[in-house]
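What follows is a set of notes on a single structure, which appears directly below.
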Amino acid sequence: MTRDFPEQIPNWIAGRQVPAAAGQWGAKLSPHHGRRISEFASSTADDVATAVAAAKEAQADWAAIPAVKRGNILLDVALALRANAELVACIVAAETGKSPKEALGETIGAVQQGLFMAGEGMRLYGRTTTSAVANKHAMTVRCPIGVAGLIIAANTPIANVAWKVFPALICGNTAILKAPEDAPATAWIFGKIAAEAGLPRGVLNVVQGFGPEAGGALVAHPDVAVISFTGSTAVGRRIAGVAGDRLARLSLELGGKNAFVVCEDADLDKAVEWAVLSAFSNAGQRCAAGSRLIVFDAVYDEFRAKLIARTAKLNVGATDSDDCGPVINGRQLSNMLAAVGRAKAAGATVLCGGDRFTDEERAAGFYMQPTIVEGLAADAEMSICELFGPIAALYRVPGYAEAIALANSSPYGLTAAIHTRDFDRAMRFVAAMDTGVVTVNGGTYGSEPHMPFGGSKQSGNGSREPGTEALDVYSSLKDVYLLVSPHA
Ligand code: NAD
């Protein structure tokens with residue numbers, strides 16, 4: 001079999017591929033068939049320290065390259081990613097179980113991110129402004145922060161890499177990317193492509209390994225000046241404690257329990273289509289998944305019938321003709337099965353799905369049936385805890401006020417969507433939702449490289465990535481005052 005990645009996936013440190021110093025490896029299993037497809041370096045604090053030292057050594061030279069030229073180098077990386085898009089997509093598909101077509105779409109999204117951020121090298125705007133003092137000029141300039149620690153989830157692995165690496169580097173930082181243990185080869189191939197495209201040694205280091213050991217050491221390292229984390233709220237909270245204690249800059253992109261509201265005047269067929277995509281695309285493994293479907297009483301029965309019928313038609317598998325694939329690992333699958341069991345025990349009804357697939361083709365993989373649950377209390381475990389899989393809950397509400405109250409009752413505040421033909425109501429929804437993203441007549445998910453993404457409450461700490469707002473995460477502002485002597 002030709003392989004697109006090594007059987008043992010090493011770290012990239014200072015431009016070289018190296019195993020973990022202790023010689024340990026972790027196993028990566030295929031979500032599709034459950035068998036081992038690779039091993040990744042199980043890095044420890046020693047490996048992280050080596051990577052941080054390499055990044056620290058490379059930082060001054062990288063920052064000294066004018067931002068426009070850094071942008072040119074990153075443009076080469078983005079173009080090389082585009083030239084290798086099919087290969088990268090194969091790796092993403094193998095590691096996540098999503099279809100090759102979906103993996104390619106994600107890869108092209110990562111390229112777009114690179115192209116956008118490379119162009120920021122020509123902007124990196126500060127401000128020029130007035131002064132209260134005659135002959136004094138005031139301005140701000142953007143400065144690198146230093147070494148960036150980047151930790152990501154595996155749900156859209158190549159997009160997640162691009163979201164963090166390109167903005168961190170364009171600002172003049174060097175970086176250590178902690179690869180997700182569920183997508184080690186995706187991070188590895190990005191490191192390879194970047195090195196071959198001419199990124200100087202040590203500017204991007206990729207460390208493989210498990211969260212507490214490798215990720216934890218990165219967060220705790222005193223030379224890592226800025227940490228950007230995409231992952232669960234529970235881990236984000238832990239990271240915030242460690243990073244806060246040493247006053248490191250921190251950006252947290254965390255979980256969601258996103259509301260999808262269907263009003264009595266909605267185009268129900270479109271609403272069903274978007275509800276299914278929001279809940280089940282990428283097997284529900286989106287921070288922005290629509291996991292709470294809140295429907296007005298007047299159309300509830302009709303919407304429910306259409307939703308169940310549409311969900312029953314979903315093809316679940318790993319090919320381009322499938323609508324969604326497996327979840328990323330066995331732990332996730334077990335968590336979901338257990339959560340459905342607890343919801344049922346608490347009196348909820350499973351309208352469809354609720355179990356894993358047990359047919360010959362999918363039984364050994366991590367395939368969860370697209371699941372719809374009804375009859376949950378607003379404060380039930382499944383109503384408030386993120387599951388990160390293809391499970392959505394239906395709620396019946398009398399009208400708008402109750403829909404808003406329920407939608408905002410979540411501890412999370414990432415995204416929300418409403419389906420209505422009433423423009424005024426849509427705009428009231430936009431204003432009322434305590435979330436970082438609101439969509440009218442679309443899905444709860446979807447982001448663009450030039451737009452800031454993030455949430456409120458337990459979905460993050462208020463930072464926004466990507467868009468130009470990501471530059472605020474990865475750069476420091478310096479005030480500059482120029483005093484001239486007009487008579488000199
Ligand atoms: P996770 O928090 O378990 O892991 C995410 C990353 O953190 C992994 O690389 C992991 O190795 C690392 N990690 C784990 N423990 C760590 C520790 N103690 N110190 C440092 N690093 C550690 O999350 P997951 O299950 O892999 O991903 C799913 C979560 O990510 C969901 O909650 C989802 O909503 C969230 N997510 C958020 C966004 C966003 O933009 N807001 C995007 C994608 C995913």
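Just remember, in the structure tokens the first chain shown is A, the second B, etc., residues are 1-based per chain, and ligands are 1-based in the order shown.
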For the interface of chain A with ligand 1 (cut-off 8 Å, counting only C-alpha atoms and all ligand atoms), please tabulate each contacting residue of chain A alongside its nearest pair of atoms and their separation in Å to one decimal, rows sorted by chain and increasing number, as a Markdown table.
| residue | atom | partner | partner_atom_place_in_ligand_line | distance |
| --- | --- | --- | --- | --- |
| A:Ile151 | CA | ligand 1 | 9 (O) | 5.3 |
| A:Ile152 | CA | ligand 1 | 9 (O) | 4.7 |
| A:Ala153 | CA | ligand 1 | 26 (O) | 4.2 |
| A:Ala154 | CA | ligand 1 | 26 (O) | 5.7 |
| A:Asn155 | CA | ligand 1 | 43 (C) | 6.2 |
| A:Thr156 | CA | ligand 1 | 43 (C) | 7.1 |
| A:Asn160 | CA | ligand 1 | 43 (C) | 7.3 |
| A:Lys178 | CA | ligand 1 | 9 (O) | 6.2 |
| A:Ala179 | CA | ligand 1 | 9 (O) | 5.7 |
| A:Pro180 | CA | ligand 1 | 9 (O) | 3.6 |
| A:Glu181 | CA | ligand 1 | 11 (O) | 5.7 |
| A:Asp182 | CA | ligand 1 | 26 (O) | 7.6 |
| A:Gly209 | CA | ligand 1 | 11 (O) | 6.9 |
| A:Phe210 | CA | ligand 1 | 11 (O) | 4.9 |
| A:Gly211 | CA | ligand 1 | 11 (O) | 3.2 |
| A:Pro212 | CA | ligand 1 | 18 (N) | 3.8 |
| A:Glu213 | CA | ligand 1 | 19 (N) | 7.2 |
| A:Ala214 | CA | ligand 1 | 20 (C) | 6.9 |
| A:Gly215 | CA | ligand 1 | 20 (C) | 3.5 |
| A:Gly216 | CA | ligand 1 | 19 (N) | 3.6 |
| A:Ala217 | CA | ligand 1 | 20 (C) | 7.3 |
| A:Leu218 | CA | ligand 1 | 20 (C) | 7.1 |
| A:Val219 | CA | ligand 1 | 20 (C) | 6.3 |
| A:Phe229 | CA | ligand 1 | 7 (O) | 7.0 |
| A:Thr230 | CA | ligand 1 | 37 (C) | 5.0 |
| A:Gly231 | CA | ligand 1 | 30 (O) | 3.1 |
| A:Ser232 | CA | ligand 1 | 32 (O) | 3.3 |
| A:Thr233 | CA | ligand 1 | 32 (O) | 5.9 |
| A:Ala234 | CA | ligand 1 | 2 (O) | 6.7 |
| A:Val235 | CA | ligand 1 | 2 (O) | 4.8 |
| A:Gly236 | CA | ligand 1 | 2 (O) | 6.6 |
| A:Arg238 | CA | ligand 1 | 18 (N) | 6.5 |
| A:Ile239 | CA | ligand 1 | 19 (N) | 5.9 |
| A:Leu252 | CA | ligand 1 | 41 (N) | 7.5 |
| A:Glu253 | CA | ligand 1 | 41 (N) | 3.7 |
| A:Leu254 | CA | ligand 1 | 41 (N) | 4.0 |
| A:Gly255 | CA | ligand 1 | 34 (O) | 3.2 |
| A:Gly256 | CA | ligand 1 | 34 (O) | 5.4 |
| A:Gln285 | CA | ligand 1 | 33 (C) | 7.2 |
| A:Arg286 | CA | ligand 1 | 43 (C) | 5.9 |
| A:Cys287 | CA | ligand 1 | 34 (O) | 3.3 |
| A:Ala288 | CA | ligand 1 | 34 (O) | 7.0 |
| A:Gln332 | CA | ligand 1 | 25 (O) | 7.9 |
| A:Glu386 | CA | ligand 1 | 32 (O) | 6.7 |
| A:Leu387 | CA | ligand 1 | 32 (O) | 7.9 |
| A:Phe388 | CA | ligand 1 | 31 (C) | 6.0 |
| A:Leu414 | CA | ligand 1 | 41 (N) | 7.2 |
| A:Phe453 | CA | ligand 1 | 40 (O) | 6.9 |
| A:Gly454 | CA | ligand 1 | 41 (N) | 5.9 |
| A:Gly455 | CA | ligand 1 | 41 (N) | 7.1 |
| A:Ser459 | CA | ligand 1 | 41 (N) | 6.3 |
| A:Gly460 | CA | ligand 1 | 41 (N) | 6.9 |
Might you pull out every residue within 8 Å of stretch 192-195 of chain A, with only C-alpha atoms counted and same-chain residues fewer than 6 positions away left off, and present them as a PDB file with C-alpha atoms, in the first residue's frame?
ATOM      1  CA  GLY A  15      13.516  21.968  10.375  1.00  0.00           C
ATOM      2  CA  VAL A  77       3.511  28.048   1.820  1.00  0.00           C
ATOM      3  CA  ALA A  80       2.418  24.809  -1.914  1.00  0.00           C
ATOM      4  CA  LEU A  81      -0.522  23.724   0.232  1.00  0.00           C
ATOM      5  CA  ARG A 201      14.131  26.503  10.109  1.00  0.00           C
TER       6      ARG A 201
END
Name the residues of stretch 102-211 of chain A that fall into alpha helix (DSSP H) according to DSSP on the backbone, using the chain letters and numbers of this document, as a PDB file with C-alpha atoms, in the first residue's frame.
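Saved result, part-v8.pdb, follows:
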ATOM      1  CA  GLU A 102     -15.268  17.174   2.199  1.00  0.00           C
ATOM      2  CA  ALA A 103     -11.604  16.892   3.148  1.00  0.00           C
ATOM      3  CA  LEU A 104     -10.641  18.659  -0.072  1.00  0.00           C
ATOM      4  CA  GLY A 105     -13.106  21.458   0.632  1.00  0.00           C
ATOM      5  CA  GLU A 106     -11.559  21.908   4.054  1.00  0.00           C
ATOM      6  CA  THR A 107      -8.060  21.941   2.572  1.00  0.00           C
ATOM      7  CA  ILE A 108      -9.015  24.622   0.066  1.00  0.00           C
ATOM      8  CA  GLY A 109     -10.407  26.617   2.993  1.00  0.00           C
ATOM      9  CA  ALA A 110      -7.012  26.318   4.685  1.00  0.00           C
ATOM     10  CA  VAL A 111      -5.338  27.604   1.493  1.00  0.00           C
ATOM     11  CA  GLN A 112      -7.716  30.581   1.473  1.00  0.00           C
ATOM     12  CA  GLN A 113      -6.730  31.316   5.040  1.00  0.00           C
ATOM     13  CA  GLY A 114      -3.078  31.298   4.040  1.00  0.00           C
ATOM     14  CA  LEU A 115      -3.673  33.581   1.075  1.00  0.00           C
ATOM     15  CA  PHE A 116      -5.599  36.036   3.209  1.00  0.00           C
ATOM     16  CA  MET A 117      -3.020  36.161   5.993  1.00  0.00           C
ATOM     17  CA  ALA A 118      -0.073  36.369   3.568  1.00  0.00           C
ATOM     18  CA  GLY A 119      -1.642  39.584   2.249  1.00  0.00           C
ATOM     19  CA  GLU A 120      -1.805  40.981   5.771  1.00  0.00           C
ATOM     20  CA  PRO A 157      -7.613  19.506  11.251  1.00  0.00           C
ATOM     21  CA  ILE A 158      -6.026  21.268   8.292  1.00  0.00           C
ATOM     22  CA  ALA A 159      -8.339  24.268   8.649  1.00  0.00           C
ATOM     23  CA  ASN A 160      -7.488  24.451  12.343  1.00  0.00           C
ATOM     24  CA  VAL A 161      -3.758  24.397  11.526  1.00  0.00           C
ATOM     25  CA  ALA A 162      -4.142  27.235   9.018  1.00  0.00           C
ATOM     26  CA  TRP A 163      -6.333  29.332  11.344  1.00  0.00           C
ATOM     27  CA  LYS A 164      -3.512  29.519  13.840  1.00  0.00           C
ATOM     28  CA  VAL A 165      -0.215  29.128  12.011  1.00  0.00           C
ATOM     29  CA  PHE A 166      -0.653  31.776   9.309  1.00  0.00           C
ATOM     30  CA  PRO A 167      -1.711  34.662  11.596  1.00  0.00           C
ATOM     31  CA  ALA A 168       0.859  33.737  14.253  1.00  0.00           C
ATOM     32  CA  LEU A 169       3.686  33.808  11.703  1.00  0.00           C
ATOM     33  CA  ILE A 170       2.664  36.857   9.704  1.00  0.00           C
ATOM     34  CA  PRO A 184      -1.044  13.723  13.696  1.00  0.00           C
ATOM     35  CA  ALA A 185      -0.247  13.253   9.997  1.00  0.00           C
ATOM     36  CA  THR A 186      -2.241  16.322   8.968  1.00  0.00           C
ATOM     37  CA  ALA A 187      -0.053  18.533  11.155  1.00  0.00           C
ATOM     38  CA  TRP A 188       3.053  16.642  10.038  1.00  0.00           C
ATOM     39  CA  ILE A 189       2.353  17.141   6.315  1.00  0.00           C
ATOM     40  CA  PHE A 190       1.746  20.839   6.890  1.00  0.00           C
ATOM     41  CA  GLY A 191       5.162  21.063   8.575  1.00  0.00           C
ATOM     42  CA  LYS A 192       6.716  19.269   5.613  1.00  0.00           C
ATOM     43  CA  ILE A 193       5.034  21.467   3.022  1.00  0.00           C
ATOM     44  CA  ALA A 194       6.003  24.621   4.894  1.00  0.00           C
ATOM     45  CA  ALA A 195       9.644  23.514   5.178  1.00  0.00           C
ATOM     46  CA  GLU A 196       9.848  22.589   1.495  1.00  0.00           C
TER      47      GLU A 196
END
Exercise for the section: Name all residues at most 12 Å from A:Ala405 (count only C-alpha atoms; drop same-chain ones fewer than 2 positions away) and give them as a ChimeraX atom specification. Expected result: /A:259,261,294,378,397-403,407-410,429,432-434
Residues of the last selection are to be written out with C-alpha atoms, as a short mmCIF file (atom, residue, chain, number, x, y, z; two decimals), in the first residue's frame.
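Below is the file selection.cif, written as the result:
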data_model
loop_
_atom_site.label_atom_id
_atom_site.label_comp_id
_atom_site.auth_asym_id
_atom_site.auth_seq_id
_atom_site.Cartn_x
_atom_site.Cartn_y
_atom_site.Cartn_z
CA ALA A 259 -29.53 27.06 19.11
CA VAL A 261 -34.75 28.48 16.03
CA ILE A 294 -36.04 25.12 19.06
CA ALA A 378 -34.04 22.88 29.45
CA VAL A 397 -41.83 26.53 22.44
CA PRO A 398 -44.99 28.66 22.32
CA GLY A 399 -43.35 31.59 20.53
CA TYR A 400 -40.51 34.06 20.14
CA ALA A 401 -40.01 35.13 23.77
CA GLU A 402 -39.72 31.54 24.96
CA ALA A 403 -37.42 30.67 22.04
CA ALA A 407 -31.67 29.75 23.23
CA ASN A 408 -29.85 32.06 25.63
CA SER A 409 -30.15 29.73 28.63
CA SER A 410 -27.06 27.79 27.51
CA PHE A 429 -32.90 37.89 17.26
CA ALA A 432 -30.89 39.42 21.55
CA MET A 433 -28.59 36.43 21.14
CA ASP A 434 -25.62 36.34 23.48
#
Atom CA of A:Leu333 sits from atom CA of A:Ala41 at a separation of 24.5 Å
- Query: So which residues touch stretch 356-358 of chain A within 7 Å, counting only C-alpha atoms, skipping near sequence neighbours fewer than 3 positions away, as a ChimeraX atom specification?
  - Reply: /A:362-363,367-369
With C-alpha atoms retained, export the selected residues as a PDB file, in the first residue's frame.
ATOM      1  CA  ARG A 362     -19.310   0.119   9.908  1.00  0.00           C
ATOM      2  CA  ALA A 363     -19.349  -1.973  13.070  1.00  0.00           C
ATOM      3  CA  TYR A 367     -20.042   5.308  13.433  1.00  0.00           C
ATOM      4  CA  MET A 368     -22.820   6.916  15.455  1.00  0.00           C
ATOM      5  CA  GLN A 369     -26.310   7.062  13.962  1.00  0.00           C
TER       6      GLN A 369
END
From the list A:Gly317, A:Gly149, A:Gly442, A:Gly71, the nearest residue to A:Val207 using only C-alpha atoms is A:Gly149
Q | strand (DSSP E) residues, from DSSP on the backbone, in stretch 241-426 of chain A, as a PyMOL selection string | A | chain A and resi 249-253+258-262+290-296+349-352+371-374+391-397+412-413+415-419
Identify, on the basis of only C-alpha atoms, every residue whose closest approach to A:Ala275 does not exceed 8 Å; exclude the query and any residue fewer than 5 positions from it along the same chain; express the result as number ranges by chain. A: 260, 290, 293, 307, 443
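With distances restricted to only C-alpha atoms, A:Cys143 is the closest residue to A:Ala64 from A:Leu250, A:Met122, A:Glu39, A:Cys143.
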One residue among A:Trp25, A:Leu406, A:Ala339, A:Ala94 is nearest to A:Thr319 when using only C-alpha atoms, and that residue is A:Ala94
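Nearest residue to A:Ser456, choosing from A:Arg428, A:Asp355, A:Lys98, A:Ala416 and counting only C-alpha atoms: A:Ala416.
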(request) List the neighbours of stretch 466-479 of chain A out to 8 Å using only C-alpha atoms; skip same-chain residues closer than 5 positions along the sequence, and give me the result as a PyMOL selection string. (result) chain A and resi 120+124+126+138-145+148+163-164+167-168+171+173+226+249-251+448-453
#### Entry: Neighbour list for A:Thr349 as a ChimeraX atom specification, cut-off 7 Å, only C-alpha atoms, skip fewer than 4 positions in-chain
/A:344,373-375
Filtering to N, CA, C and O atoms, could you give me those residues as a short mmCIF file (atom, residue, chain, number, x, y, z; two decimals), in the first residue's frame?
data_model
loop_
_atom_site.label_atom_id
_atom_site.label_comp_id
_atom_site.auth_asym_id
_atom_site.auth_seq_id
_atom_site.Cartn_x
_atom_site.Cartn_y
_atom_site.Cartn_z
N LYS A 344 -32.34 8.93 27.94
CA LYS A 344 -33.52 8.04 27.91
C LYS A 344 -33.97 7.72 29.34
O LYS A 344 -35.15 7.76 29.65
N VAL A 373 -33.37 13.66 19.61
CA VAL A 373 -33.95 13.38 20.92
C VAL A 373 -35.01 14.43 21.21
O VAL A 373 -34.85 15.60 20.85
N GLU A 374 -36.07 14.03 21.87
CA GLU A 374 -37.17 14.95 22.19
C GLU A 374 -37.54 14.78 23.65
O GLU A 374 -37.36 13.71 24.23
N GLY A 375 -38.08 15.85 24.23
CA GLY A 375 -38.61 15.75 25.59
C GLY A 375 -37.59 16.00 26.68
O GLY A 375 -37.78 15.59 27.83
#
